[in-house]
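K.L.:
Got a structure here, written out as structure tokens. Questions coming.
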Amino acid sequence: MNKPAWWRNGIVYQIYPRSFADSNKDGIGDLPGITAKLDYLADLGIDAIWLSPINPSPDVDFGYDVSNYLDIDPKYGTLADFDKLVAEAHRRGIKIVLDLVLNHSSDQHEWFKSARQSKDSPYHDYYLWRDPSPNGGQPNNWSSVFGGKGWEYVPELGQYYFHMFYKEQPDLNWQNPKVRQALLDVFRFWLARGADGFRLDVFNCYYKDAGFRSNPARIGIRAFDQQDHVYDINQPEMVPLVEEIRQIVDTNPDGYVIGETFISTADKAAFYSAPGRLHAAFNFELLECPWKPDKFLKKIQSWEQALDTGGWPNWVLNNHDNPRSATRFGRGEDDLRLKAAAAILLTLRGTVFMYYGEEIGMRDVPISRSEVMDPIGKRYWPIFKGRDGCRAPMQWDATSNAGFSQAKPWLKLNQDYPQRNVAAQKSEPNSLFYFYRKLIQLRKELPALRDGMFLPLTYDPKRIFAYLRKTDTQSVIVAVNFSSKPTRFFLGREAAKNNWQPVLSNYPDRVPEIRNSELMLLKDEVCILVSNEPEKSR
């Protein structure tokens, strides 16, 4: 039998490089810092690391505005540092997934600097330039996600260029065969240097309508939401493109490519991850889910149903754009709920994505207006305070600057770091860190968690979320009490006859028991049960 692809049940650990570990004492994390922490990641048990962008960037959008696709930003290191990171990660069995930002470049990219000099520049058509409309205004009604119109006027040329995001992030013209070739060569360049995969930033925005038709209007609060985006995203040219990207990435037998589906739905993500297209596309519905069992069940079922076309699920509770799950779900410093959330994340069918610091329960750092770094936060304060809160430096220990750097960190630390840090949790056997590690070990050891079907066990959906993972020879039940009170979970008489063994609870030293076909769950408790006998037919 062929060995299953590593990513199918793999755990991908997202690192925001600015905030992980600083080796050169400048207050900004870097590649040598990440290399120095690989043993920690190997001990945790993850399979790959996804690096948020490390290409040269003026940091208008903190790396998501790239000025050179074929190099490393000096603040993070050099190509030699990248090569060493790859070699050391591979030596530990850890894959490297790079973040590629190919919808737009920085306005400081040599292509764009040339493009805005003259209409005759060989790079002018690398971007989306249009003459003013007949009335002298903007070419159409396309807007920017970050506020305002999507068109920026350049008086010297008498033309507008389009930017889906900041004006310093001009969108690339994928309709131009030279642009397409140059950007596909970016994949080949990094694969040749040892990268194992890619995360594609807002990939379904690459192509725009060739006729530049205006989007239909709809009801919404922001200008961007007041349009039905039928002409600036999800164009038909995307299908052959993602198929070609897949072919390129598949030249690496361990290759993996996942797309960030912009304005995502489960159906749209499934469409792009159908066989022959991307290995996967993100579905963020679980990340946005409130702490309610019926909501979790609905989101998980909709994703599973959408993937009936043959795609593979992926699950995420945290990333660099959203408040951390510890902030959304946590109760003060109590990590019981966070352990329950981790158990759900790590026992579902599919690829798991974790975000640095999730395993120690890092909370969002409170940011005042004067401390905001994120340009979106500066623009929309206090309605939206930006994304700085989830991007604070990693809390390694209780020493100065949390062991992240010997210099002042680029972003303020959470004041809880003297108590909540890696060193403290590694010294406490019942910590959240060790709970994550136990879950990861179970995921690797139990066939039902690797290969089993997913079957919801519907019972008391306002308080309990429970499901079965099952193969021919093993069954696993995961039962979570979302309530703040003890609750009984009824297994059913036939299921209760199995020889269930409790293997994990988020209550230390507790051994849950099944009595009269019922399992008593304490408040916020998760219990994982295993039966190595085939489940009897009903």
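Labeling convention for the structure tokens: chains A, B, ... as they appear, residues from 1 per chain, ligands from 1 in order of appearance.
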Excluding Pro461 of chain A and its own-chain neighbours fewer than 2 positions away, which residues fall within 10 Å of it when counting only C-alpha atoms? Please give them as a list in words.

P.N.:
Lys292, Pro293, Asp294, Lys295, Phe296, Leu297, Leu457, Thr458, Tyr459, Arg463, Ile464, Phe465, Ala466, Asn481 and Phe482 of chain A

K.L.:
Take the residues from that selection and write them out as a PDB file, in the first residue's frame, keeping C-alpha atoms.

P.N.:
```
ATOM      1  CA  LYS A 292     -21.968  26.629  21.186  1.00  0.00           C
ATOM      2  CA  PRO A 293     -22.203  22.896  20.452  1.00  0.00           C
ATOM      3  CA  ASP A 294     -24.972  23.162  17.869  1.00  0.00           C
ATOM      4  CA  LYS A 295     -22.973  25.816  15.991  1.00  0.00           C
ATOM      5  CA  PHE A 296     -19.855  23.635  15.970  1.00  0.00           C
ATOM      6  CA  LEU A 297     -21.885  20.697  14.685  1.00  0.00           C
ATOM      7  CA  LEU A 457     -23.697  11.651  17.846  1.00  0.00           C
ATOM      8  CA  THR A 458     -26.645  13.968  18.318  1.00  0.00           C
ATOM      9  CA  TYR A 459     -27.685  14.349  21.943  1.00  0.00           C
ATOM     10  CA  ARG A 463     -24.942  21.382  25.910  1.00  0.00           C
ATOM     11  CA  ILE A 464     -23.137  18.417  24.320  1.00  0.00           C
ATOM     12  CA  PHE A 465     -21.111  18.034  21.157  1.00  0.00           C
ATOM     13  CA  ALA A 466     -20.103  14.429  20.534  1.00  0.00           C
ATOM     14  CA  ASN A 481     -19.633  19.361  27.571  1.00  0.00           C
ATOM     15  CA  PHE A 482     -20.064  23.002  26.526  1.00  0.00           C
TER      16      PHE A 482
END
```

K.L.:
Which residues, written as a ChimeraX atom specification, have at least one atom at most 8 Å from Leu521 of chain A, with only C-alpha atoms counted and residues fewer than 3 positions away on the same chain left out?

P.N.:
/A:480-481,486-489,512,524-527

K.L.:
Could you jot down the atom CA of Glu359 of chain A to atom CA of Ser431 of chain A separation for me, Å, one decimal place?

P.N.:
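Separating atom CA of Glu359 of chain A from atom CA of Ser431 of chain A is a distance of 9.4 Å.
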
K.L.:
Excluding Leu455 of chain A and its own-chain neighbours fewer than 5 positions away, which residues fall within 9 Å of it when counting only C-alpha atoms? Please give them as a ChimeraX atom specification.

P.N.:
/A:466-470

K.L.:
With N, CA, C and O atoms retained, write the just-selected residues as an mmCIF file, in the first residue's frame.

P.N.:
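Written output follows (again12.cif):
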```
data_model
loop_
_atom_site.group_PDB
_atom_site.id
_atom_site.type_symbol
_atom_site.label_atom_id
_atom_site.label_comp_id
_atom_site.auth_asym_id
_atom_site.auth_seq_id
_atom_site.Cartn_x
_atom_site.Cartn_y
_atom_site.Cartn_z
ATOM 1 N N ALA A 466 -20.775 15.728 20.500
ATOM 2 C CA ALA A 466 -20.103 14.429 20.534
ATOM 3 C C ALA A 466 -20.107 13.831 19.140
ATOM 4 O O ALA A 466 -21.023 14.058 18.342
ATOM 5 N N TYR A 467 -19.070 13.047 18.854
ATOM 6 C CA TYR A 467 -18.983 12.414 17.548
ATOM 7 C C TYR A 467 -18.133 11.151 17.638
ATOM 8 O O TYR A 467 -17.364 10.934 18.601
ATOM 9 N N LEU A 468 -18.315 10.324 16.618
ATOM 10 C CA LEU A 468 -17.617 9.051 16.517
ATOM 11 C C LEU A 468 -16.636 9.116 15.369
ATOM 12 O O LEU A 468 -16.972 9.601 14.290
ATOM 13 N N ARG A 469 -15.421 8.649 15.592
ATOM 14 C CA ARG A 469 -14.457 8.397 14.512
ATOM 15 C C ARG A 469 -14.271 6.887 14.471
ATOM 16 O O ARG A 469 -13.925 6.277 15.487
ATOM 17 N N LYS A 470 -14.442 6.272 13.306
ATOM 18 C CA LYS A 470 -14.560 4.820 13.272
ATOM 19 C C LYS A 470 -13.883 4.205 12.054
ATOM 20 O O LYS A 470 -14.041 4.677 10.932
#
```

K.L.:
What's the 7 Å shell around Ser114 of chain A, counting only C-alpha atoms, without same-chain residues fewer than 4 positions away, as a list in words?

P.N.:
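My reading of the contact set: Glu110, Ser121 and Tyr123 of chain A.
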
K.L.:
Would you write out those residues with N, CA, C and O atoms, as a compact mmCIF listing (two decimals), in the first residue's frame?

P.N.:
```txt
# COMPACT_ATOMS: atom_id res chain seq x y z
N GLU A 110 10.25 46.24 -8.30
CA GLU A 110 10.85 46.84 -9.49
C GLU A 110 9.88 46.84 -10.67
O GLU A 110 9.91 47.75 -11.51
N SER A 121 6.56 51.24 -20.70
CA SER A 121 7.40 50.32 -19.92
C SER A 121 7.02 48.88 -20.23
O SER A 121 5.82 48.56 -20.33
N TYR A 123 6.87 46.65 -18.26
CA TYR A 123 6.17 46.14 -17.08
C TYR A 123 4.84 46.85 -16.83
O TYR A 123 4.15 46.54 -15.86
```

K.L.:
Write out as a ChimeraX atom specification the residues lying within 12 Å of Glu304 of chain A, counting only C-alpha atoms and excluding same-chain residues fewer than 2 positions away.

P.N.:
/A:266-267,269-270,283,297-302,306-315,348-350,453-456

K.L.:
For those residues, write C-alpha atoms to a file as a PDB file, in the first residue's frame.

P.N.:
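The file below, out_1.pdb, is the result:
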```
ATOM      1  CA  ALA A 266     -17.549  25.962   2.481  1.00  0.00           C
ATOM      2  CA  ASP A 267     -18.853  25.330  -1.041  1.00  0.00           C
ATOM      3  CA  ALA A 269     -13.427  26.287  -0.731  1.00  0.00           C
ATOM      4  CA  ALA A 270     -14.528  22.782  -1.728  1.00  0.00           C
ATOM      5  CA  ASN A 283     -12.671  27.104   5.240  1.00  0.00           C
ATOM      6  CA  LEU A 297     -21.885  20.697  14.685  1.00  0.00           C
ATOM      7  CA  LYS A 298     -23.477  22.766  11.928  1.00  0.00           C
ATOM      8  CA  LYS A 299     -20.157  24.187  10.710  1.00  0.00           C
ATOM      9  CA  ILE A 300     -18.418  20.810  10.717  1.00  0.00           C
ATOM     10  CA  GLN A 301     -21.269  19.038   8.956  1.00  0.00           C
ATOM     11  CA  SER A 302     -21.522  21.714   6.257  1.00  0.00           C
ATOM     12  CA  ALA A 306     -19.360  20.335   0.797  1.00  0.00           C
ATOM     13  CA  LEU A 307     -16.360  18.043   0.344  1.00  0.00           C
ATOM     14  CA  ASP A 308     -18.407  15.196  -1.095  1.00  0.00           C
ATOM     15  CA  THR A 309     -16.701  16.023  -4.403  1.00  0.00           C
ATOM     16  CA  GLY A 310     -13.532  14.391  -3.075  1.00  0.00           C
ATOM     17  CA  GLY A 311     -11.759  17.228  -1.298  1.00  0.00           C
ATOM     18  CA  TRP A 312     -10.088  16.928   2.093  1.00  0.00           C
ATOM     19  CA  PRO A 313     -11.082  18.896   5.225  1.00  0.00           C
ATOM     20  CA  ASN A 314      -8.861  21.320   7.091  1.00  0.00           C
ATOM     21  CA  TRP A 315      -9.487  22.878  10.473  1.00  0.00           C
ATOM     22  CA  LEU A 348     -11.580  15.813  13.540  1.00  0.00           C
ATOM     23  CA  ARG A 349     -11.002  14.225  10.144  1.00  0.00           C
ATOM     24  CA  GLY A 350      -8.581  16.323   8.115  1.00  0.00           C
ATOM     25  CA  MET A 453     -15.125   8.162   9.295  1.00  0.00           C
ATOM     26  CA  PHE A 454     -16.776  11.081  11.088  1.00  0.00           C
ATOM     27  CA  LEU A 455     -20.250  10.480  12.504  1.00  0.00           C
ATOM     28  CA  PRO A 456     -22.003  13.039  14.749  1.00  0.00           C
TER      29      PRO A 456
END
```
